[in-house]
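Engineer: For reference, the file entry.txt (compact mmCIF, C-alpha atoms and all ligand atoms) is included below:
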# COMPACT_ATOMS: atom_id res chain seq x y z
CA MET A 1 26.99 17.09 -32.41
CA ARG A 2 29.92 15.41 -34.15
CA ASN A 3 28.07 13.52 -36.88
CA LEU A 4 24.45 12.97 -37.64
CA ILE A 5 24.70 9.25 -36.86
CA THR A 6 28.02 7.84 -35.73
CA GLU A 7 26.93 4.55 -34.28
CA SER A 8 24.78 1.83 -35.76
CA ILE A 9 24.07 -1.28 -33.70
CA THR A 10 22.15 -4.47 -34.44
CA CYS A 11 20.56 -6.75 -31.84
CA ASP A 12 17.65 -9.16 -31.51
CA VAL A 13 15.93 -7.36 -28.64
CA LEU A 14 16.30 -3.72 -27.68
CA VAL A 15 15.15 -2.96 -24.13
CA ILE A 16 14.57 0.72 -23.43
CA GLY A 17 15.16 1.62 -19.76
CA GLY A 18 17.32 0.53 -16.85
CA GLY A 19 14.92 -0.10 -13.94
CA LEU A 20 13.21 -3.23 -12.64
CA ALA A 21 10.98 -3.74 -15.69
CA ALA A 22 13.87 -3.36 -18.13
CA LEU A 23 16.23 -5.59 -16.15
CA THR A 24 13.73 -8.43 -15.81
CA ALA A 25 12.72 -8.15 -19.48
CA ALA A 26 16.36 -8.18 -20.58
CA TYR A 27 17.12 -11.19 -18.41
CA ALA A 28 14.14 -13.12 -19.75
CA ALA A 29 14.99 -12.28 -23.38
CA SER A 30 18.64 -13.22 -23.02
CA SER A 31 17.69 -16.47 -21.24
CA SER A 32 15.82 -17.46 -24.38
CA GLY A 33 19.00 -17.03 -26.40
CA ALA A 34 18.42 -13.55 -27.84
CA LYS A 35 21.16 -10.97 -28.33
CA VAL A 36 19.93 -8.19 -26.04
CA LEU A 37 20.84 -4.52 -25.76
CA MET A 38 19.62 -2.21 -22.99
CA ALA A 39 19.55 1.50 -23.81
CA CYS A 40 19.16 3.74 -20.79
CA LYS A 41 18.82 7.51 -20.59
CA LYS A 42 20.83 7.40 -17.35
CA ASN A 43 22.64 4.26 -16.16
CA VAL A 44 21.29 0.71 -16.07
CA GLY A 45 20.53 -0.32 -12.48
CA LYS A 46 21.25 3.15 -11.16
CA SER A 47 18.24 5.11 -12.35
CA GLY A 48 14.47 5.27 -12.47
CA ASN A 49 11.84 5.08 -9.77
CA THR A 50 12.98 1.55 -8.93
CA LEU A 51 16.00 3.13 -7.29
CA VAL A 52 13.93 5.14 -4.80
CA ALA A 53 11.09 2.64 -4.28
CA ALA A 54 10.19 1.40 -0.82
CA ASN A 55 10.73 -2.07 -2.30
CA GLY A 56 7.38 -3.49 -1.23
CA PHE A 57 5.81 -6.40 -3.15
CA ALA A 58 2.29 -7.72 -2.58
CA ALA A 59 2.08 -11.49 -2.96
CA VAL A 60 0.22 -14.41 -1.42
CA LEU A 61 3.04 -16.64 -0.21
CA PRO A 62 2.47 -20.10 1.25
CA GLY A 63 3.13 -20.34 4.99
CA TYR A 64 2.18 -16.76 5.89
CA ASP A 65 -1.51 -15.89 6.32
CA PRO A 66 -3.53 -19.14 6.03
CA ALA A 67 -6.74 -17.11 5.57
CA ASP A 68 -5.30 -15.33 2.53
CA SER A 69 -5.84 -16.53 -1.04
CA LEU A 70 -5.23 -15.55 -4.66
CA ASP A 71 -8.95 -14.78 -4.96
CA SER A 72 -8.74 -12.40 -2.01
CA HIS A 73 -5.71 -10.62 -3.53
CA PHE A 74 -7.61 -10.43 -6.84
CA THR A 75 -10.74 -9.01 -5.17
CA ASP A 76 -8.74 -6.42 -3.19
CA THR A 77 -6.95 -5.30 -6.35
CA MET A 78 -10.16 -5.10 -8.37
CA SER A 79 -12.00 -3.12 -5.69
CA GLY A 80 -8.96 -0.84 -5.25
CA GLY A 81 -9.40 -0.07 -8.94
CA ALA A 82 -13.16 0.57 -8.53
CA MET A 83 -13.79 -2.64 -10.57
CA ILE A 84 -12.76 -1.01 -13.83
CA ASN A 85 -9.33 -2.66 -13.94
CA ASP A 86 -8.44 -5.04 -16.75
CA GLU A 87 -9.49 -8.32 -15.10
CA ASN A 88 -7.12 -10.45 -17.18
CA LEU A 89 -4.11 -8.34 -16.29
CA VAL A 90 -5.07 -8.27 -12.60
CA ARG A 91 -5.47 -12.06 -12.59
CA MET A 92 -2.05 -12.43 -14.19
CA LEU A 93 -0.46 -10.03 -11.67
CA VAL A 94 -1.94 -11.90 -8.72
CA ASP A 95 -1.25 -15.41 -10.04
CA LYS A 96 2.36 -14.63 -10.93
CA ALA A 97 3.26 -12.56 -7.85
CA ALA A 98 4.63 -15.42 -5.72
CA VAL A 99 6.65 -17.04 -8.49
CA THR A 100 8.04 -13.62 -9.52
CA LEU A 101 9.15 -12.99 -5.97
CA GLU A 102 10.88 -16.39 -5.92
CA GLU A 103 12.55 -15.62 -9.25
CA LEU A 104 13.85 -12.30 -7.88
CA GLU A 105 15.32 -14.15 -4.90
CA ARG A 106 16.94 -16.64 -7.23
CA LEU A 107 18.55 -13.69 -9.03
CA GLY A 108 20.06 -12.42 -5.78
CA VAL A 109 17.42 -10.01 -4.46
CA CYS A 110 17.04 -10.40 -0.66
CA PHE A 111 13.83 -9.73 1.24
CA GLN A 112 13.70 -8.32 4.77
CA SER A 113 13.54 -11.24 7.15
CA MET A 114 13.91 -12.38 10.75
CA GLY A 115 15.93 -15.56 10.54
CA ALA A 116 14.53 -17.72 7.75
CA ARG A 117 11.14 -16.01 7.79
CA LYS A 118 10.33 -12.96 5.71
CA ILE A 119 8.91 -9.93 7.52
CA VAL A 120 5.34 -9.47 6.34
CA LYS A 121 3.29 -6.27 6.62
CA LYS A 122 -0.24 -5.19 5.90
CA ALA A 123 -0.67 -2.38 3.39
CA PRO A 124 -3.71 -0.14 2.90
CA GLY A 125 -6.19 -1.59 0.41
CA HIS A 126 -5.15 -5.15 1.28
CA SER A 127 -7.36 -7.29 3.50
CA HIS A 128 -4.45 -9.53 4.54
CA MET A 129 -0.79 -9.34 5.51
CA ARG A 130 0.91 -9.89 2.15
CA PHE A 131 3.38 -7.06 1.77
CA PHE A 132 7.07 -8.05 1.61
CA ASN A 133 9.93 -5.55 1.39
CA VAL A 134 13.26 -6.08 -0.31
CA ARG A 135 16.23 -5.40 1.94
CA GLY A 136 17.82 -2.03 1.15
CA PHE A 137 21.37 -1.72 -0.01
CA ASN A 138 23.97 -1.61 2.80
CA GLY A 139 21.23 -0.68 5.29
CA ALA A 140 20.87 2.79 3.72
CA PHE A 141 17.40 4.33 3.67
CA PHE A 142 17.84 6.27 0.44
CA ALA A 143 17.98 4.52 -2.91
CA GLN A 144 16.78 1.32 -1.22
CA GLY A 145 15.92 0.06 -4.68
CA ARG A 146 19.59 -0.69 -5.22
CA GLY A 147 18.75 -3.84 -3.25
CA ILE A 148 16.79 -4.81 -6.37
CA THR A 149 18.70 -3.25 -9.23
CA PHE A 150 22.29 -4.03 -8.25
CA PRO A 151 21.93 -7.83 -8.08
CA LEU A 152 19.73 -7.85 -11.19
CA ALA A 153 22.13 -5.67 -13.21
CA GLU A 154 24.96 -7.98 -12.23
CA LYS A 155 23.05 -11.08 -13.36
CA VAL A 156 21.91 -9.40 -16.58
CA GLY A 157 25.49 -8.33 -17.35
CA GLN A 158 26.73 -11.87 -16.67
CA ALA A 159 24.09 -13.18 -19.07
CA GLY A 160 25.80 -11.21 -21.85
CA VAL A 161 23.34 -8.32 -22.17
CA LYS A 162 25.04 -5.16 -23.45
CA PHE A 163 24.40 -1.83 -21.71
CA LEU A 164 24.16 1.39 -23.68
CA ASP A 165 24.13 3.89 -20.82
CA GLN A 166 23.47 7.62 -21.14
CA THR A 167 21.50 6.97 -24.31
CA MET A 168 18.08 8.53 -24.62
CA ILE A 169 15.82 6.83 -27.15
CA THR A 170 13.99 9.51 -29.08
CA SER A 171 11.96 7.58 -31.67
CA LEU A 172 11.15 4.08 -32.84
CA LEU A 173 11.87 2.94 -36.39
CA VAL A 174 8.74 1.68 -38.12
CA GLN A 175 8.71 -0.09 -41.47
CA ASP A 176 5.56 -1.48 -43.09
CA GLY A 177 3.71 -1.25 -39.79
CA ARG A 178 6.41 -3.12 -37.88
CA VAL A 179 8.84 -1.71 -35.33
CA THR A 180 12.37 -2.46 -36.52
CA GLY A 181 14.51 -0.59 -34.02
CA ALA A 182 15.02 2.83 -32.52
CA GLN A 183 16.95 6.02 -32.80
CA GLY A 184 18.54 7.71 -29.83
CA LEU A 185 20.92 10.30 -28.60
CA SER A 186 24.11 9.31 -26.83
CA LEU A 187 24.43 11.92 -24.10
CA ARG A 188 27.97 10.78 -23.38
CA GLU A 189 29.33 10.61 -26.95
CA LYS A 190 27.17 13.49 -28.17
CA CYS A 191 26.07 11.60 -31.25
CA LEU A 192 22.97 9.99 -32.67
CA VAL A 193 22.65 6.23 -32.38
CA LEU A 194 20.72 3.93 -34.68
CA ILE A 195 19.70 0.56 -33.27
CA LYS A 196 18.20 -2.17 -35.45
CA ALA A 197 16.24 -4.78 -33.53
CA LYS A 198 13.74 -7.55 -34.25
CA THR A 199 11.84 -6.66 -31.09
CA VAL A 200 11.72 -3.50 -28.99
CA ILE A 201 10.58 -3.51 -25.36
CA ILE A 202 9.61 -0.18 -23.85
CA SER A 203 10.26 -0.17 -20.10
CA SER A 204 11.08 3.47 -19.59
CA GLY A 205 8.86 4.05 -16.55
CA GLY A 206 6.16 6.61 -15.87
CA GLY A 207 5.83 10.35 -16.19
CA GLY A 208 5.52 11.76 -12.67
CA ARG A 209 8.03 14.47 -13.44
CA ILE A 210 5.58 16.32 -15.66
CA TYR A 211 3.89 17.37 -12.38
CA HIS A 212 5.23 19.98 -10.00
CA SER A 213 4.81 17.91 -6.83
CA THR A 214 6.09 14.37 -7.21
CA ASN A 215 8.36 11.86 -5.52
CA ASN A 216 9.51 10.49 -8.91
CA THR A 217 13.10 10.54 -10.14
CA SER A 218 14.12 13.14 -12.73
CA ASP A 219 14.07 10.64 -15.62
CA ALA A 220 10.34 9.80 -15.17
CA THR A 221 9.25 12.05 -18.02
CA GLY A 222 6.86 9.75 -19.88
CA ASP A 223 9.18 9.23 -22.88
CA GLY A 224 7.90 5.70 -23.50
CA TYR A 225 4.33 6.92 -23.98
CA ALA A 226 5.45 9.29 -26.73
CA LEU A 227 7.64 6.62 -28.35
CA ALA A 228 4.74 4.16 -28.47
CA LEU A 229 2.13 6.67 -29.56
CA ASN A 230 4.31 8.03 -32.37
CA ALA A 231 4.93 4.47 -33.58
CA GLY A 232 1.18 3.86 -33.87
CA ALA A 233 0.48 2.05 -30.58
CA SER A 234 -2.27 3.22 -28.26
CA LEU A 235 -2.26 4.35 -24.64
CA ARG A 236 -4.95 3.58 -22.10
CA ASP A 237 -6.14 4.82 -18.71
CA MET A 238 -3.79 7.79 -18.78
CA GLU A 239 -6.21 9.80 -16.64
CA PHE A 240 -5.51 7.57 -13.63
CA ILE A 241 -2.63 9.24 -11.86
CA GLN A 242 -1.95 7.84 -8.41
CA PHE A 243 -1.22 10.39 -5.70
CA PHE A 244 0.79 9.17 -2.74
CA PRO A 245 -1.14 10.43 0.30
CA SER A 246 1.66 10.64 2.84
CA SER A 247 4.69 12.35 1.44
CA MET A 248 6.38 14.12 4.34
CA VAL A 249 6.64 17.87 3.82
CA TYR A 250 7.69 18.90 7.34
CA PRO A 251 10.27 18.91 8.90
CA PHE A 252 12.07 17.00 6.10
CA LYS A 253 11.06 15.33 2.85
CA LEU A 254 10.35 11.60 2.80
CA THR A 255 7.91 9.14 1.25
CA VAL A 256 6.33 7.67 4.40
CA PRO A 257 5.63 3.94 3.84
CA THR A 258 1.86 3.35 4.03
CA PRO A 259 2.06 0.02 5.97
CA LEU A 260 2.80 2.29 8.98
CA PHE A 261 -0.95 3.06 8.96
CA ALA A 262 -1.69 -0.61 9.63
CA ASP A 263 0.65 -0.45 12.60
CA GLY A 264 -0.84 2.64 14.25
CA ALA A 265 0.13 5.83 12.37
CA VAL A 266 -2.78 8.30 12.16
CA LEU A 267 -3.55 11.53 10.29
CA LYS A 268 -4.82 14.64 12.09
CA ASN A 269 -5.90 18.03 10.78
CA ALA A 270 -5.12 21.46 12.26
CA LEU A 271 -7.93 20.95 14.80
CA GLY A 272 -6.21 17.81 16.06
CA HIS A 273 -9.09 15.76 14.62
CA ARG A 274 -8.39 12.29 13.18
CA PHE A 275 -10.44 12.93 10.05
CA MET A 276 -9.99 9.82 7.88
CA PHE A 277 -13.04 8.04 9.35
CA ASP A 278 -15.15 11.00 8.12
CA TYR A 279 -14.23 9.89 4.59
CA ALA A 280 -13.99 6.09 4.69
CA PRO A 281 -14.89 3.27 7.11
CA GLU A 282 -11.34 1.92 6.73
CA GLY A 283 -9.86 5.21 8.00
CA GLU A 284 -6.17 5.55 7.10
CA MET A 285 -6.27 1.99 5.70
CA ALA A 286 -8.41 3.09 2.75
CA THR A 287 -6.78 2.99 -0.69
CA ARG A 288 -4.36 5.74 -1.67
CA ASP A 289 -6.84 7.58 -3.92
CA ILE A 290 -9.29 7.97 -1.03
CA VAL A 291 -6.68 9.02 1.54
CA ALA A 292 -4.94 11.42 -0.88
CA ARG A 293 -8.27 13.08 -1.75
CA ALA A 294 -9.21 13.41 1.94
CA VAL A 295 -5.84 14.95 2.86
CA TYR A 296 -6.15 17.36 -0.06
CA LEU A 297 -9.71 18.37 0.92
CA GLU A 298 -8.71 18.95 4.55
CA MET A 299 -5.90 21.21 3.37
CA GLN A 300 -8.12 23.04 0.87
CA GLN A 301 -10.90 23.60 3.39
CA GLY A 302 -8.71 25.49 5.83
CA ARG A 303 -7.67 22.66 8.15
CA ARG A 304 -4.08 22.53 6.94
CA CYS A 305 -1.45 22.48 9.69
CA ARG A 306 1.80 24.27 8.75
CA GLU A 307 2.50 22.81 5.34
CA GLY A 308 0.28 19.74 5.25
CA ILE A 309 -1.58 17.40 7.58
CA GLN A 310 -0.10 15.97 10.78
CA ILE A 311 1.01 12.35 10.78
CA ASP A 312 1.27 10.96 14.28
CA PHE A 313 3.37 7.84 14.83
CA SER A 314 3.12 7.87 18.64
CA SER A 315 0.71 4.90 18.87
CA ILE A 316 2.98 2.49 16.99
CA PRO A 317 4.34 0.02 19.56
CA ASP A 318 8.13 0.23 20.10
CA LYS A 319 8.45 -3.49 19.39
CA VAL A 320 6.83 -3.04 15.96
CA LEU A 321 9.03 -0.07 15.09
CA GLU A 322 12.15 -1.99 16.09
CA SER A 323 11.26 -5.18 14.26
CA LYS A 324 9.65 -3.87 11.06
CA TYR A 325 10.94 -0.33 10.58
CA ALA A 326 14.46 -0.32 12.04
CA VAL A 327 16.00 1.38 8.98
CA LEU A 328 13.29 4.05 8.93
CA VAL A 329 13.68 4.79 12.66
CA LYS A 330 17.43 5.11 12.13
CA HIS A 331 16.84 7.49 9.23
CA PHE A 332 14.56 9.72 11.36
CA ARG A 333 17.18 9.73 14.12
CA LYS A 334 19.93 10.63 11.64
CA SER A 335 17.77 13.56 10.51
CA GLY A 336 17.56 14.70 14.15
CA HIS A 337 14.03 13.44 14.93
CA GLU A 338 12.46 10.71 17.06
CA ILE A 339 9.68 9.04 15.08
CA LYS A 340 7.53 8.35 18.19
CA THR A 341 7.65 11.79 19.76
CA GLY A 342 8.41 14.20 16.91
CA TYR A 343 5.95 16.41 15.00
CA PHE A 344 5.57 15.60 11.28
CA GLU A 345 3.34 16.66 8.39
CA VAL A 346 2.46 15.01 5.09
CA ALA A 347 0.75 16.03 1.83
CA PRO A 348 -0.18 14.20 -1.39
CA VAL A 349 2.27 14.09 -4.32
CA VAL A 350 2.12 12.46 -7.75
CA HIS A 351 3.44 8.92 -7.39
CA HIS A 352 2.48 6.58 -10.20
CA PHE A 353 0.93 6.48 -13.67
CA MET A 354 -1.65 3.67 -13.48
CA GLY A 355 -2.21 3.66 -17.23
CA GLY A 356 0.26 3.19 -20.05
CA ILE A 357 0.83 1.53 -23.39
CA THR A 358 -1.99 -0.87 -24.30
CA ILE A 359 -0.75 -4.46 -24.02
CA ASP A 360 -2.20 -7.95 -23.89
CA GLU A 361 -1.42 -10.67 -21.33
CA LYS A 362 1.85 -11.35 -23.14
CA CYS A 363 2.85 -7.67 -22.96
CA ARG A 364 2.39 -7.29 -26.73
CA THR A 365 1.15 -4.02 -28.22
CA GLN A 366 -0.96 -3.87 -31.40
CA ILE A 367 2.22 -3.07 -33.36
CA GLN A 368 4.36 -5.96 -34.60
CA GLY A 369 7.78 -6.03 -32.98
CA LEU A 370 6.75 -3.87 -30.01
C1 LIG B 401 9.24 6.97 -3.78
C2 LIG B 401 8.65 5.76 -4.47
C3 LIG B 401 8.39 4.62 -3.72
C4 LIG B 401 7.82 3.49 -4.35
N1 LIG B 401 7.59 2.36 -3.61
C5 LIG B 401 7.05 1.26 -4.21
C6 LIG B 401 6.81 0.06 -3.48
O1 LIG B 401 7.11 -0.05 -2.30
N2 LIG B 401 6.23 -0.98 -4.14
C7 LIG B 401 5.90 -0.92 -5.48
O2 LIG B 401 5.39 -1.91 -6.04
N3 LIG B 401 6.15 0.19 -6.20
C8 LIG B 401 6.70 1.27 -5.60
N4 LIG B 401 6.94 2.41 -6.33
C9 LIG B 401 6.67 2.36 -7.78
C10 LIG B 401 7.83 1.62 -8.44
O3 LIG B 401 9.04 2.21 -8.04
C11 LIG B 401 7.72 1.67 -9.95
O4 LIG B 401 6.45 1.24 -10.37
C12 LIG B 401 8.76 0.75 -10.61
O5 LIG B 401 10.02 0.88 -10.00
C13 LIG B 401 8.84 1.10 -12.07
O6 LIG B 401 9.88 0.35 -12.64
P1 LIG B 401 10.22 0.57 -14.17
O7 LIG B 401 11.39 -0.27 -14.49
O8 LIG B 401 8.98 0.42 -14.97
O9 LIG B 401 10.58 2.14 -14.28
P2 LIG B 401 11.79 2.95 -13.65
O10 LIG B 401 12.40 2.25 -12.49
O11 LIG B 401 11.30 4.34 -13.44
O12 LIG B 401 12.88 2.92 -14.80
C14 LIG B 401 12.71 3.64 -15.99
C15 LIG B 401 14.04 3.61 -16.71
O13 LIG B 401 13.88 4.09 -18.04
C16 LIG B 401 14.91 5.03 -18.32
N5 LIG B 401 14.39 5.91 -19.39
C17 LIG B 401 13.38 6.81 -19.34
N6 LIG B 401 13.20 7.39 -20.53
C18 LIG B 401 14.12 6.84 -21.38
C19 LIG B 401 14.46 7.04 -22.75
N7 LIG B 401 13.81 7.93 -23.53
N8 LIG B 401 15.47 6.31 -23.28
C20 LIG B 401 16.16 5.41 -22.53
N9 LIG B 401 15.89 5.20 -21.22
C21 LIG B 401 14.88 5.89 -20.66
C22 LIG B 401 15.17 5.70 -16.99
O14 LIG B 401 16.41 6.36 -16.94
C23 LIG B 401 15.11 4.49 -16.07
O15 LIG B 401 16.33 3.78 -16.08
C24 LIG B 401 7.51 3.54 -5.73
C25 LIG B 401 7.79 4.69 -6.48
C26 LIG B 401 8.36 5.79 -5.86
C27 LIG B 401 8.65 7.01 -6.68
Could you show the structure in this file as structure tokens?
Structural biologist:
Amino acid sequence: MRNLITESITCDVLVIGGGLAALTAAYAASSSGAKVLMACKKNVGKSGNTLVAANGFAAVLPGYDPADSLDSHFTDTMSGGAMINDENLVRMLVDKAAVTLEELERLGVCFQSMGARKIVKKAPGHSHMRFFNVRGFNGAFFAQGRGITFPLAEKVGQAGVKFLDQTMITSLLVQDGRVTGAQGLSLREKCLVLIKAKTVIISSGGGGRIYHSTNNTSDATGDGYALALNAGASLRDMEFIQFFPSSMVYPFKLTVPTPLFADGAVLKNALGHRFMFDYAPEGEMATRDIVARAVYLEMQQGRRCREGIQIDFSSIPDKVLESKYAVLVKHFRKSGHEIKTGYFEVAPVVHHFMGGITIDEKCRTQIQGL
């Protein structure tokens, strides 16, 4: 460490993180005329779970399923959360989904489409087809999220937002009950950094990496929860950890997109039995918590295959695979496997922290300036 603090920076809004949440927050703040700084433990637009996401957004868009509605999306989301979700936040999520998707497109994010029409899928837990995927970057399967972060980072940079990469925020500055900035560690310059800000936005992602089995990126270590808690804010619903039910464990590692279940993928135990209907009337289309628990129980009760539970893609029609999952099929082939005829196994892994810092509908915490 060269000096205790070698850099002191002042801005209106400090955004902590470099994924989708941070980029959209930074863009919105700078659009309102604020001087914005993004501090990221890794690199803005090249880190976080956003980078490895399957890029799927649920939204009720006009011109797709005429039987779908905002109320239906709301009801599905509430029942997926066993009716203990925060109704106001769910309503906001559902109401703003379509306009957010449009805004992302306006900022250069492209959705998978056939001609002028977006490809729409059905995802477990949803009663209608309302799942739209962003196009990956350069057709690559890995780090598909670059299809989101690269265009956004470019727009945010053009808007004059400054990036402080390789800077891990370690604590928030609090004065008279108000957050006034943050302190961090520049991993590149090997010095401490002091940032004074009128407002601080924590968008540093979840904490999947505190678990042994997870599909999260290495920077998902829950830093934001500690920052908020130490500054006097509260956390809520931290016990709700979402397990992804179908993370491939054999013959190679992969997060298998769950819309494949709507198109014919099925789960079988070591006895060759399709067990999901023993647990839920929706079978594999039940919500992730139900499917993950069922897969885990099958494995625990001695019906594990080699390393997990078999996932069988053989009933998915060729036409569907070609039109909706072309990149995935190509990825399987590149790994030396045919998705229709190969043998594959999945197991649950930690995927998402459903809880987090307590906020209101305007994303404000109970602490001024945060
Ligand atoms: C394999 C996978 C597939 C997924 N697929 C989907 C999907 O299809 N649809 C969907 O809706 N969701 C999906 N998700 C979830 C989704 O990716 C996340 O909810 C979303 O990307 C989170 O965005 P974020 O900006 O909040 O966090 P992240 O993208 O995780 O970004 C966090 C950022 O904060 C930075 N950071 C962390 N700590 C600090 C610190 N102390 N100081 C400074 N910076 C810090 C990180 O480096 C990173 O840049 C998926 C997740 C995974 C893991």
Engineer: Using only C-alpha atoms and all ligand atoms, determine which residues fall within 8 Å of ligand LIG 401 (chain B), then list them as JSON, numbers by chain.
Structural biologist: {"A": [16, 17, 18, 19, 20, 21, 22, 23, 39, 40, 41, 42, 43, 44, 45, 46, 47, 48, 49, 50, 51, 52, 53, 54, 55, 56, 57, 58, 133, 145, 166, 167, 168, 169, 170, 184, 203, 204, 205, 206, 214, 215, 216, 217, 219, 220, 221, 222, 223, 224, 227, 255, 257, 351, 352]}
Engineer: Using 8 Å as the limit and counting only C-alpha atoms, can you tabulate each residue of range 281-310 of chain A that touches range 336-347 of chain A, with its shortest atom-to-atom distance in Å and the two atoms involved, as JSON lines?
Structural biologist:
{"residue": "A:Ala292", "atom": "CA", "partner": "A:Ala347", "partner_atom": "CA", "distance": 7.8}
{"residue": "A:Val295", "atom": "CA", "partner": "A:Ala347", "partner_atom": "CA", "distance": 6.8}
{"residue": "A:Tyr296", "atom": "CA", "partner": "A:Ala347", "partner_atom": "CA", "distance": 7.3}
{"residue": "A:Cys305", "atom": "CA", "partner": "A:Glu345", "partner_atom": "CA", "distance": 7.6}
{"residue": "A:Arg306", "atom": "CA", "partner": "A:Glu345", "partner_atom": "CA", "distance": 7.8}
{"residue": "A:Glu307", "atom": "CA", "partner": "A:Glu345", "partner_atom": "CA", "distance": 6.9}
{"residue": "A:Gly308", "atom": "CA", "partner": "A:Ala347", "partner_atom": "CA", "distance": 5.1}
{"residue": "A:Ile309", "atom": "CA", "partner": "A:Glu345", "partner_atom": "CA", "distance": 5.0}
{"residue": "A:Gln310", "atom": "CA", "partner": "A:Glu345", "partner_atom": "CA", "distance": 4.2}
Engineer: Could you dump the residues just selected with C-alpha atoms as a PDB file, in the frame of the given file?
Structural biologist:
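Generated output (selection_34.pdb):
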ATOM      1  CA  ALA A 292      -4.940  11.420  -0.880  1.00  0.00           C
ATOM      2  CA  VAL A 295      -5.840  14.950   2.860  1.00  0.00           C
ATOM      3  CA  TYR A 296      -6.150  17.360  -0.060  1.00  0.00           C
ATOM      4  CA  CYS A 305      -1.450  22.480   9.690  1.00  0.00           C
ATOM      5  CA  ARG A 306       1.800  24.270   8.750  1.00  0.00           C
ATOM      6  CA  GLU A 307       2.500  22.810   5.340  1.00  0.00           C
ATOM      7  CA  GLY A 308       0.280  19.740   5.250  1.00  0.00           C
ATOM      8  CA  ILE A 309      -1.580  17.400   7.580  1.00  0.00           C
ATOM      9  CA  GLN A 310      -0.100  15.970  10.780  1.00  0.00           C
TER      10      GLN A 310
END
Engineer: Distance CA of Ser186 in chain A-CA of Glu154 in chain A, one decimal place?
Structural biologist: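 According to the coordinates, CA of Ser186 in chain A and CA of Glu154 in chain A are separated by 22.6 Å.
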Engineer: Take CA of Phe74 in chain A and CA of Arg117 in chain A and report the distance between them in Å, one decimal.
Structural biologist: 24.4 Å
Engineer: Hey, what's within 10 Å of range 271-274 of chain A if we count all atoms listed in the file and toss same-chain stuff fewer than 3 positions away? As a list in words, please?
Structural biologist: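 In the requested form, the answer reads Val266, Leu267, Lys268, Phe277, Asp278, Gly283, Glu284, Arg303, Arg304, Cys305, Ile309, Gln310, Ile311 and Asp312 of chain A.
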